[in-house]
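K.L.:
Below are the structure tokens for one structure; questions will follow.
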Amino acid sequence: MMKAAVPTPATGTSLRHWAIVALLLAVATGAGLLLDRQVTIASQAMLYVLAVVVVSYTMGWKESVACALVAVTALNYFFVPPRFTFEVESHEHLIALVSMLLVALAISHLSAGLRRETAVARLNEERARQLQGLATQLSTAATAHDIGGLGQAALDEAFAGPCLLGTLEAGGELSNAAVLEPSIRDGMACCMREAATLGPGTGRWPGLNAWYLPLGDKARMYGAARVEPAPAHDTGGREHAEALCALLGQALWRLQLSTSMQAAQGEAQRQQVQSTFLAAISHDLRTPLAAVVGAASALQTQGDKLSPAEQARLLASIASEASYLSTVTENTLQLVQLSNTSQPPARQWESLEEIVGTVLARARKRDPQRRITSTVPAGLPLIKADPVLLAQLVDNLLDNALKYGTGAIDLVVGESKGGEGSTLQLAVKDCGPQISPEKYEAIFEPYARGDQSGHSGQRGAGLGLALCRAIAEAHQGSLTVAPRSDGAGECEGNVFTLTLPIESQQPAGAQP
């Protein structure tokens with residue numbers, strides 16, 4: 001498409017061109033002889049001029065000049081008296097022949113210039129279209145590798161080549177430095193160091209056989225390109241190569257700015273989360289700490305004056321507040337850890353039945369009224385999970401149900417088979433105030449609470465459900481909430497459903 005540099009006159013002619021020239025002159029001569037008795041010599045001369053115009057506009061300057069000379073000679077030989085000789089009997093005919101020769105040569109020169117200008121305009125149009133297309137493609141490039149690939153393709157399209165392009169990596173080396181010849185690598189390094197184009201026609205290292213162009217400027221350098229062929233007179237080709245490299249440098253700069261902006265936004269968000277954590281911890285831990293300190297101080301200073309019942313009450317208060325502090329601290333630490341690492345938790349083959357059984361044993365100590373009932377079928381498939389995190393998730397769900405619910409709590413585990421694979425579902429169904437649908441997502445945010453009325457009398461840091469969802473997502477699962485309908489003996493409330501994927505390849509000896 002655009003493999004050539006600036007169009008140059010042809011260095012050789014083909015036999016086909018010369019055959020066409022001869023044919024046009026023969027047609028002009030034949031037409032002049034047929035019209036010999038009806039037209040004058042001036043009209044016959046116009047036939048030759050027409051042949052010269054056609055040749056000048058469609059062929060090179062050699063064919064044009066040759067056609068003009070032969071046309072004047074043929075006009076003199078066939079039509080200027082004395083005919084069929086090369087003599088000219090009058091000055092008038094001589095002036096006509098000389099004028100025709102000059103006109104034919106002028107037409108040839110103008111036509112050749114017009115042809116060159118047309119070719120240059122067409123090439124510039126193609127180059128402008130290529131720059132526009134490359135700019136559009138670069139606007140959606142997401143990595144330096146993508147930008148390098150687009151740049152290499154653009155250079156290969158615009159120049160005959162071979163063309164090379166390399167982008168700077170984190171260590172300051174070109175991406176393709178290992179496969180480059182030492183001289184080429186040195187040329188690229190030099191053009192980046194000087195932030196200028198090197199090679200023929202640039203005034204810098206004119207003895208090189210290629211152009212070396214930087215991607216960027218002295219303030220921001222991102223790589224270099226090597227372009228061949230590189231004629232010294234091809235100013236337009238060199239400027240087009242520089243425009244391509246400028247677009248690539250700007251795209252790499254945009255990518256760097258975007259990466260820096262995302263990193264800054266992530267750091268700002270991390271700082272905001274940490275500030276929120278600190279504020280929440282200081283708020284939610286201050287009251288229980290004060291209660292623990294007050295109760296312990298009372299026991300220490302006035303223990304002999306207090307009745308056994310009052311001492312027991314203070315000890316129970318200390319134990320309760322300490323348990324609350326332990327829960328808040330554990331939830332906070334786990335949420336911070338899951339939120340600030342890209343590494344998934346270490347997962348092993350685990351039985352959900354055993355995890356649920358362990359959690360129920362602990363939860364029933366907080367459930368003297370035996371509100372929790374469970375339905376866990378035997379022979380469930382194993383899942384890959386972190387048992388500590390998964391137990392904490394289930395424990396948080398049951399703790400929320402005990403705090404905010406008013407009736408029976410059902411824990412149901414089952415296997416679900418669908419088109420995208422089998423899953424295990426664990427549902428905790430409570431009875432109590434239903435969460436409004438518009439808050440289904442908000443309650444999983446840190447420091448949000450699902451207490452609809454705000455008067456449940458239960459305190460909490462609002463970290464439990466946020467941690468539960470973080471744990472579910474760390475296991476490639478999901479945690480959702482939906483209303484619990486009142487029917488078939490059930491009560492109104494909420495259903496929290498944990499969905500975990502089941503690996504298709506179960507370990508040896510596992511239940512199907």
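Chain labels follow the order of the structure tokens: the first chain is A, the next B, and so on; residue numbering restarts at 1 in every chain, and ligands are counted from 1 in their shown order.
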If we count only C-alpha atoms, what is near Ala391 (chain A) at a cut-off of 9 Å, once residues fewer than 3 positions away on the same chain are taken out, given as an MDAnalysis selection string?
P.N.:
chainID A and resid 355:356 358:359 386:388 394:396
K.L.:
Which neighbours of Gly133 (chain A) fall inside 12 Å, counting only C-alpha atoms, when residues of the same chain fewer than 6 positions from it are skipped, and could you give them as a compact mmCIF listing (two decimals) with N, CA, C and O atoms, in the first residue's frame?
P.N.:
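Produced file part.txt, reproduced below:
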```txt
# COMPACT_ATOMS: atom_id res chain seq x y z
N GLU A 126 -2.70 8.92 1.84
CA GLU A 126 -2.62 7.61 2.46
C GLU A 126 -1.90 7.69 3.81
O GLU A 126 -2.29 7.03 4.79
N ARG A 127 -0.86 8.52 3.88
CA ARG A 127 -0.14 8.66 5.14
C ARG A 127 -1.02 9.32 6.21
O ARG A 127 -1.00 8.91 7.37
N SER A 139 -5.76 4.64 20.90
CA SER A 139 -6.61 5.16 21.98
C SER A 139 -7.21 4.04 22.82
O SER A 139 -7.62 4.28 23.96
N THR A 140 -7.30 2.83 22.26
CA THR A 140 -7.87 1.70 23.01
C THR A 140 -6.82 0.69 23.46
O THR A 140 -7.17 -0.31 24.07
N LEU A 150 1.08 -2.47 17.41
CA LEU A 150 0.45 -1.55 16.48
C LEU A 150 1.50 -0.69 15.77
O LEU A 150 1.40 -0.43 14.56
N GLY A 151 2.52 -0.24 16.51
CA GLY A 151 3.57 0.57 15.89
C GLY A 151 4.38 -0.21 14.87
O GLY A 151 4.70 0.31 13.79
N ALA A 153 3.38 -2.78 13.11
CA ALA A 153 2.52 -3.00 11.94
C ALA A 153 2.44 -1.73 11.09
O ALA A 153 2.46 -1.79 9.85
N ALA A 154 2.35 -0.55 11.73
CA ALA A 154 2.27 0.71 10.99
C ALA A 154 3.55 0.98 10.22
O ALA A 154 3.52 1.40 9.05
N LEU A 244 4.69 8.98 13.05
CA LEU A 244 4.28 7.69 13.60
C LEU A 244 4.91 7.47 14.98
O LEU A 244 4.23 7.05 15.92
N LEU A 247 3.26 9.59 17.66
CA LEU A 247 2.00 9.01 18.12
C LEU A 247 2.25 7.87 19.10
O LEU A 247 1.56 7.75 20.13
```
K.L.:
Determine which residues of region 214-453 of chain A receive a DSSP assignment of helix (DSSP H, G or I), computed from the backbone, and state them as a compact mmCIF listing (two decimals) with N, CA and C atoms, in the first residue's frame.
P.N.:
```txt
# COMPACT_ATOMS: atom_id res chain seq x y z
N THR A 235 12.43 13.63 2.38
CA THR A 235 12.02 14.39 3.56
C THR A 235 10.63 14.01 4.03
N GLY A 236 9.72 13.81 3.07
CA GLY A 236 8.36 13.45 3.43
C GLY A 236 8.28 12.11 4.15
N GLY A 237 9.07 11.12 3.67
CA GLY A 237 9.08 9.82 4.32
C GLY A 237 9.62 9.90 5.74
N ARG A 238 10.68 10.69 5.93
CA ARG A 238 11.25 10.83 7.26
C ARG A 238 10.27 11.52 8.21
N GLU A 239 9.60 12.56 7.71
CA GLU A 239 8.61 13.25 8.54
C GLU A 239 7.45 12.34 8.90
N HIS A 240 7.06 11.46 7.97
CA HIS A 240 5.98 10.52 8.28
C HIS A 240 6.42 9.52 9.35
N ALA A 241 7.66 9.04 9.25
CA ALA A 241 8.17 8.13 10.28
C ALA A 241 8.22 8.83 11.63
N GLU A 242 8.62 10.10 11.65
CA GLU A 242 8.66 10.84 12.91
C GLU A 242 7.26 11.03 13.48
N ALA A 243 6.27 11.26 12.60
CA ALA A 243 4.89 11.42 13.08
C ALA A 243 4.38 10.11 13.67
N LEU A 244 4.69 8.98 13.05
CA LEU A 244 4.28 7.69 13.60
C LEU A 244 4.91 7.47 14.98
N CYS A 245 6.20 7.75 15.09
CA CYS A 245 6.88 7.55 16.38
C CYS A 245 6.37 8.52 17.44
N ALA A 246 6.00 9.74 17.02
CA ALA A 246 5.43 10.69 17.98
C ALA A 246 4.10 10.18 18.53
N LEU A 247 3.26 9.59 17.66
CA LEU A 247 2.00 9.01 18.12
C LEU A 247 2.25 7.87 19.10
N LEU A 248 3.23 7.03 18.80
CA LEU A 248 3.53 5.91 19.69
C LEU A 248 4.04 6.42 21.04
N GLY A 249 4.90 7.45 21.02
CA GLY A 249 5.39 8.00 22.27
C GLY A 249 4.28 8.60 23.11
N GLN A 250 3.35 9.30 22.46
CA GLN A 250 2.22 9.87 23.19
C GLN A 250 1.34 8.78 23.78
N ALA A 251 1.13 7.69 23.02
CA ALA A 251 0.32 6.59 23.54
C ALA A 251 0.97 5.94 24.75
N LEU A 252 2.29 5.76 24.71
CA LEU A 252 2.99 5.17 25.85
C LEU A 252 2.96 6.12 27.05
N TRP A 253 3.03 7.42 26.79
CA TRP A 253 2.92 8.39 27.89
C TRP A 253 1.53 8.35 28.51
N ARG A 254 0.50 8.25 27.64
CA ARG A 254 -0.87 8.16 28.15
C ARG A 254 -1.04 6.91 29.00
N LEU A 255 -0.45 5.81 28.55
CA LEU A 255 -0.55 4.57 29.32
C LEU A 255 0.15 4.71 30.67
N GLN A 256 1.30 5.38 30.68
CA GLN A 256 2.01 5.59 31.95
C GLN A 256 1.20 6.48 32.88
N LEU A 257 0.60 7.55 32.33
CA LEU A 257 -0.23 8.42 33.16
C LEU A 257 -1.43 7.67 33.71
N SER A 258 -2.05 6.83 32.86
CA SER A 258 -3.20 6.07 33.32
C SER A 258 -2.82 5.11 34.44
N THR A 259 -1.67 4.44 34.28
CA THR A 259 -1.21 3.51 35.31
C THR A 259 -0.91 4.25 36.61
N SER A 260 -0.25 5.41 36.50
CA SER A 260 0.07 6.19 37.69
C SER A 260 -1.21 6.69 38.37
N MET A 261 -2.19 7.09 37.55
CA MET A 261 -3.45 7.58 38.12
C MET A 261 -4.19 6.45 38.85
N GLN A 262 -4.21 5.27 38.25
CA GLN A 262 -4.87 4.15 38.91
C GLN A 262 -4.16 3.78 40.21
N ALA A 263 -2.82 3.82 40.17
CA ALA A 263 -2.08 3.51 41.39
C ALA A 263 -2.36 4.55 42.48
N ALA A 264 -2.43 5.83 42.06
CA ALA A 264 -2.72 6.89 43.03
C ALA A 264 -4.13 6.74 43.60
N GLN A 265 -5.09 6.40 42.72
CA GLN A 265 -6.46 6.20 43.19
C GLN A 265 -6.54 5.01 44.14
N GLY A 266 -5.81 3.92 43.79
CA GLY A 266 -5.80 2.76 44.68
C GLY A 266 -5.19 3.08 46.03
N GLU A 267 -4.09 3.85 46.01
CA GLU A 267 -3.46 4.22 47.27
C GLU A 267 -4.37 5.12 48.09
N ALA A 268 -5.05 6.07 47.40
CA ALA A 268 -5.97 6.94 48.13
C ALA A 268 -7.12 6.15 48.73
N GLN A 269 -7.63 5.18 47.95
CA GLN A 269 -8.71 4.34 48.46
C GLN A 269 -8.24 3.49 49.64
N ARG A 270 -7.00 2.97 49.53
CA ARG A 270 -6.46 2.17 50.63
C ARG A 270 -6.29 3.02 51.89
N GLN A 271 -5.81 4.24 51.70
CA GLN A 271 -5.65 5.13 52.85
C GLN A 271 -7.01 5.46 53.47
N GLN A 272 -8.01 5.66 52.59
CA GLN A 272 -9.35 5.97 53.10
C GLN A 272 -9.92 4.79 53.88
N VAL A 273 -9.71 3.57 53.33
CA VAL A 273 -10.21 2.38 54.03
C VAL A 273 -9.52 2.22 55.38
N GLN A 274 -8.20 2.45 55.38
CA GLN A 274 -7.48 2.33 56.65
C GLN A 274 -7.94 3.37 57.66
N SER A 275 -8.18 4.60 57.16
CA SER A 275 -8.68 5.64 58.07
C SER A 275 -10.05 5.27 58.61
N THR A 276 -10.88 4.71 57.74
CA THR A 276 -12.22 4.29 58.18
C THR A 276 -12.11 3.16 59.20
N PHE A 277 -11.20 2.21 58.93
CA PHE A 277 -11.00 1.13 59.89
C PHE A 277 -10.58 1.67 61.26
N LEU A 278 -9.62 2.58 61.25
CA LEU A 278 -9.14 3.13 62.51
C LEU A 278 -10.24 3.87 63.25
N ALA A 279 -11.03 4.67 62.48
CA ALA A 279 -12.12 5.40 63.12
C ALA A 279 -13.15 4.45 63.70
N ALA A 280 -13.48 3.40 62.93
CA ALA A 280 -14.49 2.45 63.41
C ALA A 280 -14.00 1.67 64.63
N ILE A 281 -12.72 1.26 64.57
CA ILE A 281 -12.18 0.50 65.70
C ILE A 281 -12.17 1.36 66.97
N SER A 282 -11.71 2.61 66.81
CA SER A 282 -11.65 3.48 67.99
C SER A 282 -13.04 3.74 68.55
N HIS A 283 -14.06 3.79 67.64
CA HIS A 283 -15.43 4.04 68.11
C HIS A 283 -16.03 2.79 68.74
N ASP A 284 -15.84 1.65 68.09
CA ASP A 284 -16.51 0.43 68.55
C ASP A 284 -15.78 -0.27 69.68
N LEU A 285 -14.50 0.05 69.87
CA LEU A 285 -13.77 -0.59 70.96
C LEU A 285 -13.73 0.25 72.23
N ARG A 286 -14.01 1.54 72.09
CA ARG A 286 -13.90 2.41 73.26
C ARG A 286 -14.89 2.02 74.36
N THR A 287 -16.14 1.78 73.97
CA THR A 287 -17.18 1.47 74.98
C THR A 287 -16.91 0.14 75.69
N PRO A 288 -16.69 -0.97 74.95
CA PRO A 288 -16.41 -2.22 75.68
C PRO A 288 -15.12 -2.17 76.49
N LEU A 289 -14.12 -1.46 76.01
CA LEU A 289 -12.89 -1.34 76.80
C LEU A 289 -13.15 -0.59 78.10
N ALA A 290 -13.95 0.48 77.98
CA ALA A 290 -14.28 1.24 79.20
C ALA A 290 -15.06 0.36 80.18
N ALA A 291 -15.98 -0.48 79.65
CA ALA A 291 -16.75 -1.36 80.53
C ALA A 291 -15.85 -2.39 81.21
N VAL A 292 -14.90 -2.96 80.44
CA VAL A 292 -13.98 -3.95 81.01
C VAL A 292 -13.11 -3.30 82.09
N VAL A 293 -12.57 -2.12 81.76
CA VAL A 293 -11.71 -1.44 82.72
C VAL A 293 -12.49 -1.06 83.99
N GLY A 294 -13.74 -0.59 83.80
CA GLY A 294 -14.56 -0.21 84.94
C GLY A 294 -14.90 -1.39 85.84
N ALA A 295 -15.31 -2.51 85.19
CA ALA A 295 -15.67 -3.69 85.98
C ALA A 295 -14.46 -4.27 86.69
N ALA A 296 -13.32 -4.35 85.98
CA ALA A 296 -12.11 -4.88 86.62
C ALA A 296 -11.64 -3.99 87.75
N SER A 297 -11.74 -2.67 87.56
CA SER A 297 -11.32 -1.74 88.61
C SER A 297 -12.22 -1.87 89.84
N ALA A 298 -13.51 -2.05 89.60
CA ALA A 298 -14.43 -2.23 90.73
C ALA A 298 -14.13 -3.49 91.50
N LEU A 299 -13.84 -4.57 90.78
CA LEU A 299 -13.50 -5.81 91.46
C LEU A 299 -12.19 -5.69 92.23
N GLN A 300 -11.25 -4.93 91.67
CA GLN A 300 -9.94 -4.81 92.30
C GLN A 300 -9.98 -3.95 93.57
N THR A 301 -10.71 -2.85 93.48
CA THR A 301 -10.70 -1.90 94.60
C THR A 301 -11.79 -2.15 95.63
N GLN A 302 -12.94 -2.72 95.18
CA GLN A 302 -14.07 -2.87 96.09
C GLN A 302 -14.58 -4.31 96.12
N GLY A 303 -13.73 -5.25 95.76
CA GLY A 303 -14.17 -6.64 95.69
C GLY A 303 -14.68 -7.17 97.03
N ASP A 304 -14.03 -6.75 98.15
CA ASP A 304 -14.46 -7.27 99.45
C ASP A 304 -15.77 -6.66 99.91
N LYS A 305 -16.19 -5.55 99.31
CA LYS A 305 -17.43 -4.90 99.70
C LYS A 305 -18.61 -5.35 98.84
N PRO A 308 -21.54 -11.56 96.40
CA PRO A 308 -21.21 -12.56 95.36
C PRO A 308 -22.00 -12.34 94.07
N ALA A 309 -23.26 -11.93 94.18
CA ALA A 309 -24.07 -11.71 92.98
C ALA A 309 -23.51 -10.55 92.16
N GLU A 310 -23.10 -9.45 92.83
CA GLU A 310 -22.55 -8.31 92.11
C GLU A 310 -21.20 -8.66 91.50
N GLN A 311 -20.40 -9.44 92.21
CA GLN A 311 -19.12 -9.87 91.63
C GLN A 311 -19.34 -10.74 90.39
N ALA A 312 -20.31 -11.64 90.48
CA ALA A 312 -20.61 -12.50 89.33
C ALA A 312 -21.08 -11.66 88.14
N ARG A 313 -21.90 -10.63 88.44
CA ARG A 313 -22.39 -9.76 87.36
C ARG A 313 -21.24 -9.01 86.69
N LEU A 314 -20.30 -8.51 87.49
CA LEU A 314 -19.16 -7.79 86.91
C LEU A 314 -18.27 -8.73 86.10
N LEU A 315 -18.06 -9.94 86.62
CA LEU A 315 -17.25 -10.91 85.86
C LEU A 315 -17.93 -11.29 84.54
N ALA A 316 -19.25 -11.46 84.57
CA ALA A 316 -19.98 -11.77 83.33
C ALA A 316 -19.87 -10.62 82.34
N SER A 317 -19.91 -9.38 82.87
CA SER A 317 -19.76 -8.21 82.00
C SER A 317 -18.38 -8.19 81.35
N ILE A 318 -17.35 -8.49 82.16
CA ILE A 318 -15.99 -8.53 81.60
C ILE A 318 -15.89 -9.59 80.52
N ALA A 319 -16.42 -10.77 80.77
CA ALA A 319 -16.35 -11.86 79.79
C ALA A 319 -17.10 -11.49 78.52
N SER A 320 -18.30 -10.90 78.66
CA SER A 320 -19.10 -10.52 77.49
C SER A 320 -18.40 -9.46 76.65
N GLU A 321 -17.89 -8.41 77.34
CA GLU A 321 -17.23 -7.34 76.59
C GLU A 321 -15.95 -7.84 75.94
N ALA A 322 -15.21 -8.71 76.64
CA ALA A 322 -13.99 -9.26 76.06
C ALA A 322 -14.30 -10.12 74.84
N SER A 323 -15.40 -10.89 74.90
CA SER A 323 -15.81 -11.69 73.75
C SER A 323 -16.17 -10.81 72.56
N TYR A 324 -16.87 -9.71 72.85
CA TYR A 324 -17.23 -8.77 71.78
C TYR A 324 -15.97 -8.16 71.17
N LEU A 325 -15.03 -7.75 72.03
CA LEU A 325 -13.78 -7.19 71.52
C LEU A 325 -13.03 -8.19 70.66
N SER A 326 -13.02 -9.45 71.07
CA SER A 326 -12.34 -10.48 70.30
C SER A 326 -12.97 -10.65 68.92
N THR A 327 -14.32 -10.64 68.89
CA THR A 327 -15.02 -10.80 67.61
C THR A 327 -14.74 -9.64 66.67
N VAL A 328 -14.85 -8.41 67.20
CA VAL A 328 -14.60 -7.22 66.36
C VAL A 328 -13.17 -7.21 65.85
N THR A 329 -12.22 -7.51 66.73
CA THR A 329 -10.82 -7.51 66.31
C THR A 329 -10.55 -8.56 65.25
N GLU A 330 -11.08 -9.76 65.42
CA GLU A 330 -10.86 -10.83 64.45
C GLU A 330 -11.47 -10.47 63.11
N ASN A 331 -12.70 -9.96 63.12
CA ASN A 331 -13.34 -9.57 61.87
C ASN A 331 -12.56 -8.46 61.17
N THR A 332 -12.11 -7.49 61.93
CA THR A 332 -11.37 -6.38 61.33
C THR A 332 -10.07 -6.85 60.71
N LEU A 333 -9.31 -7.66 61.44
CA LEU A 333 -8.04 -8.14 60.92
C LEU A 333 -8.23 -8.99 59.66
N GLN A 334 -9.23 -9.86 59.67
CA GLN A 334 -9.47 -10.71 58.51
C GLN A 334 -9.91 -9.88 57.31
N LEU A 335 -10.77 -8.88 57.53
CA LEU A 335 -11.24 -8.04 56.42
C LEU A 335 -10.09 -7.23 55.84
N VAL A 336 -9.23 -6.67 56.69
CA VAL A 336 -8.08 -5.92 56.20
C VAL A 336 -7.16 -6.83 55.40
N GLN A 337 -6.94 -8.03 55.88
CA GLN A 337 -6.05 -8.96 55.19
C GLN A 337 -6.60 -9.35 53.82
N LEU A 338 -7.89 -9.64 53.75
CA LEU A 338 -8.49 -10.02 52.46
C LEU A 338 -8.57 -8.84 51.51
N SER A 339 -8.72 -7.62 52.03
CA SER A 339 -8.88 -6.44 51.18
C SER A 339 -7.57 -5.92 50.63
N LEU A 352 -17.77 -29.70 54.13
CA LEU A 352 -18.63 -28.64 54.66
C LEU A 352 -19.43 -29.15 55.86
N GLU A 353 -19.72 -30.45 55.89
CA GLU A 353 -20.43 -31.01 57.05
C GLU A 353 -19.63 -30.80 58.34
N GLU A 354 -18.32 -31.06 58.29
CA GLU A 354 -17.49 -30.91 59.47
C GLU A 354 -17.36 -29.44 59.88
N ILE A 355 -17.22 -28.55 58.89
CA ILE A 355 -17.11 -27.13 59.21
C ILE A 355 -18.38 -26.64 59.87
N VAL A 356 -19.53 -27.02 59.31
CA VAL A 356 -20.82 -26.59 59.89
C VAL A 356 -20.99 -27.19 61.29
N GLY A 357 -20.59 -28.45 61.47
CA GLY A 357 -20.71 -29.06 62.79
C GLY A 357 -19.88 -28.34 63.83
N THR A 358 -18.67 -27.96 63.49
CA THR A 358 -17.81 -27.22 64.42
C THR A 358 -18.42 -25.88 64.79
N VAL A 359 -18.94 -25.19 63.77
CA VAL A 359 -19.54 -23.87 64.03
C VAL A 359 -20.79 -24.00 64.89
N LEU A 360 -21.63 -25.01 64.62
CA LEU A 360 -22.85 -25.20 65.42
C LEU A 360 -22.52 -25.49 66.88
N ALA A 361 -21.45 -26.25 67.12
CA ALA A 361 -21.07 -26.55 68.51
C ALA A 361 -20.73 -25.28 69.27
N ARG A 362 -20.07 -24.34 68.60
CA ARG A 362 -19.74 -23.08 69.26
C ARG A 362 -20.96 -22.18 69.38
N ALA A 363 -21.78 -22.15 68.31
CA ALA A 363 -22.93 -21.24 68.30
C ALA A 363 -23.97 -21.62 69.33
N ARG A 364 -24.14 -22.90 69.61
CA ARG A 364 -25.19 -23.32 70.54
C ARG A 364 -24.87 -22.92 71.99
N LYS A 365 -23.58 -22.60 72.23
CA LYS A 365 -23.24 -22.05 73.53
C LYS A 365 -23.84 -20.66 73.71
N ARG A 366 -24.07 -19.98 72.59
CA ARG A 366 -24.70 -18.65 72.62
C ARG A 366 -26.19 -18.74 72.37
N PRO A 387 -10.62 -23.71 55.93
CA PRO A 387 -11.63 -24.05 56.94
C PRO A 387 -11.82 -22.97 57.99
N VAL A 388 -10.75 -22.24 58.32
CA VAL A 388 -10.86 -21.20 59.35
C VAL A 388 -11.72 -20.05 58.83
N LEU A 389 -11.45 -19.61 57.60
CA LEU A 389 -12.23 -18.50 57.04
C LEU A 389 -13.68 -18.91 56.82
N LEU A 390 -13.89 -20.12 56.28
CA LEU A 390 -15.26 -20.55 56.01
C LEU A 390 -16.04 -20.72 57.32
N ALA A 391 -15.40 -21.21 58.36
CA ALA A 391 -16.07 -21.33 59.65
C ALA A 391 -16.42 -19.95 60.21
N GLN A 392 -15.54 -18.98 59.98
CA GLN A 392 -15.82 -17.63 60.46
C GLN A 392 -17.01 -17.04 59.70
N LEU A 393 -17.11 -17.33 58.42
CA LEU A 393 -18.25 -16.86 57.63
C LEU A 393 -19.56 -17.40 58.20
N VAL A 394 -19.63 -18.73 58.37
CA VAL A 394 -20.87 -19.34 58.87
C VAL A 394 -21.18 -18.84 60.28
N ASP A 395 -20.15 -18.70 61.11
CA ASP A 395 -20.35 -18.23 62.48
C ASP A 395 -20.91 -16.80 62.48
N ASN A 396 -20.40 -15.94 61.61
CA ASN A 396 -20.92 -14.57 61.53
C ASN A 396 -22.38 -14.55 61.10
N LEU A 397 -22.74 -15.40 60.12
CA LEU A 397 -24.14 -15.44 59.67
C LEU A 397 -25.06 -15.89 60.81
N LEU A 398 -24.65 -16.92 61.55
CA LEU A 398 -25.49 -17.38 62.67
C LEU A 398 -25.53 -16.35 63.78
N ASP A 399 -24.41 -15.65 64.03
CA ASP A 399 -24.38 -14.64 65.07
C ASP A 399 -25.33 -13.49 64.73
N ASN A 400 -25.35 -13.08 63.45
CA ASN A 400 -26.28 -12.02 63.02
C ASN A 400 -27.73 -12.48 63.21
N ALA A 401 -28.01 -13.74 62.85
CA ALA A 401 -29.37 -14.25 62.98
C ALA A 401 -29.80 -14.29 64.45
N LEU A 402 -28.88 -14.67 65.33
CA LEU A 402 -29.20 -14.70 66.76
C LEU A 402 -29.42 -13.29 67.31
N LYS A 403 -28.65 -12.33 66.82
CA LYS A 403 -28.76 -10.97 67.34
C LYS A 403 -30.03 -10.28 66.87
N TYR A 404 -30.28 -10.35 65.56
CA TYR A 404 -31.33 -9.54 64.98
C TYR A 404 -32.63 -10.31 64.74
N PRO A 437 -35.24 -4.40 49.90
CA PRO A 437 -34.42 -4.77 48.73
C PRO A 437 -33.39 -3.72 48.34
N GLU A 438 -33.69 -2.44 48.55
CA GLU A 438 -32.72 -1.42 48.14
C GLU A 438 -31.46 -1.44 49.01
N LYS A 439 -31.49 -2.19 50.13
CA LYS A 439 -30.32 -2.26 51.01
C LYS A 439 -29.59 -3.59 50.90
N ALA A 442 -26.01 -2.70 50.16
CA ALA A 442 -25.40 -1.80 51.14
C ALA A 442 -25.00 -2.52 52.42
N ILE A 443 -25.76 -3.56 52.81
CA ILE A 443 -25.45 -4.22 54.09
C ILE A 443 -24.15 -5.01 54.03
N PHE A 444 -23.63 -5.24 52.81
CA PHE A 444 -22.37 -5.96 52.69
C PHE A 444 -21.17 -5.01 52.65
```
K.L.:
Taking into account only C-alpha atoms, which residue in the set A:Met100, A:Leu208, A:Ala224, A:Ala219 is nearest to Gln152 (chain A)?
P.N.:
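Once distances to Gln152 (chain A) are computed over only C-alpha atoms, the minimum belongs to A:Ala224.
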K.L.:
How far is it from CA of Glu492 (chain A) to CA of Pro433 (chain A), in Å with one decimal?
P.N.:
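These atoms are spaced 7.7 Å apart.
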K.L.:
Which of these, A:Gly414, A:Ala177, A:Tyr212, A:Ile41, has the shortest distance to Glu194 (chain A) once you count only C-alpha atoms?
P.N.:
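Counting only C-alpha atoms, the residue closest to Glu194 (chain A) is A:Tyr212.
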K.L.:
Using only C-alpha atoms, which residue out of A:Arg226, A:Arg204, A:Lys429, A:Lys417 lies closest to Gly166 (chain A)?
P.N.:
A:Arg226
K.L.:
Any idea what the distance is between CA of Leu138 (chain A) and CA of Gly171 (chain A)?
P.N.:
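Distance reported for this atom pair: 24.0 Å.
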K.L.:
Which residues, written as a ChimeraX atom specification, have at least one atom at most 8 Å from Ala427 (chain A), with only C-alpha atoms counted and residues fewer than 5 positions away on the same chain left out?
P.N.:
/A:410-413,495-498
K.L.:
Could you turn the residues from that selection into a file that holds N, CA and C atoms, as a compact mmCIF listing (two decimals), in the first residue's frame?
P.N.:
```
# COMPACT_ATOMS: atom_id res chain seq x y z
N ASP A 410 -32.98 -21.48 60.75
CA ASP A 410 -32.74 -22.73 60.02
C ASP A 410 -31.45 -22.60 59.22
N LEU A 411 -30.57 -23.58 59.38
CA LEU A 411 -29.34 -23.66 58.59
C LEU A 411 -29.49 -24.87 57.67
N VAL A 412 -29.52 -24.63 56.37
CA VAL A 412 -29.79 -25.68 55.39
C VAL A 412 -28.63 -25.73 54.41
N VAL A 413 -28.08 -26.93 54.21
CA VAL A 413 -27.00 -27.14 53.25
C VAL A 413 -27.49 -28.12 52.20
N VAL A 495 -33.09 -14.55 54.22
CA VAL A 495 -32.32 -15.75 53.89
C VAL A 495 -30.97 -15.32 53.31
N PHE A 496 -29.89 -15.66 54.00
CA PHE A 496 -28.55 -15.41 53.50
C PHE A 496 -28.03 -16.71 52.90
N THR A 497 -27.67 -16.67 51.60
CA THR A 497 -27.29 -17.88 50.88
C THR A 497 -25.85 -17.78 50.42
N LEU A 498 -25.03 -18.73 50.86
CA LEU A 498 -23.64 -18.86 50.42
C LEU A 498 -23.58 -19.93 49.34
```
K.L.:
If you count only C-alpha atoms, which residues fall within 10 Å of Met192 (chain A), apart from same-chain ones fewer than 5 positions away, as number ranges by chain?
P.N.:
A: 186-187, 197-198, 212-218, 220-225
K.L.:
Using CA of Ile502 (chain A) and CA of Thr423 (chain A) as the two end points, give the distance in Å to one decimal.
P.N.:
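Separation of CA of Ile502 (chain A) and CA of Thr423 (chain A): 5.1 Å.
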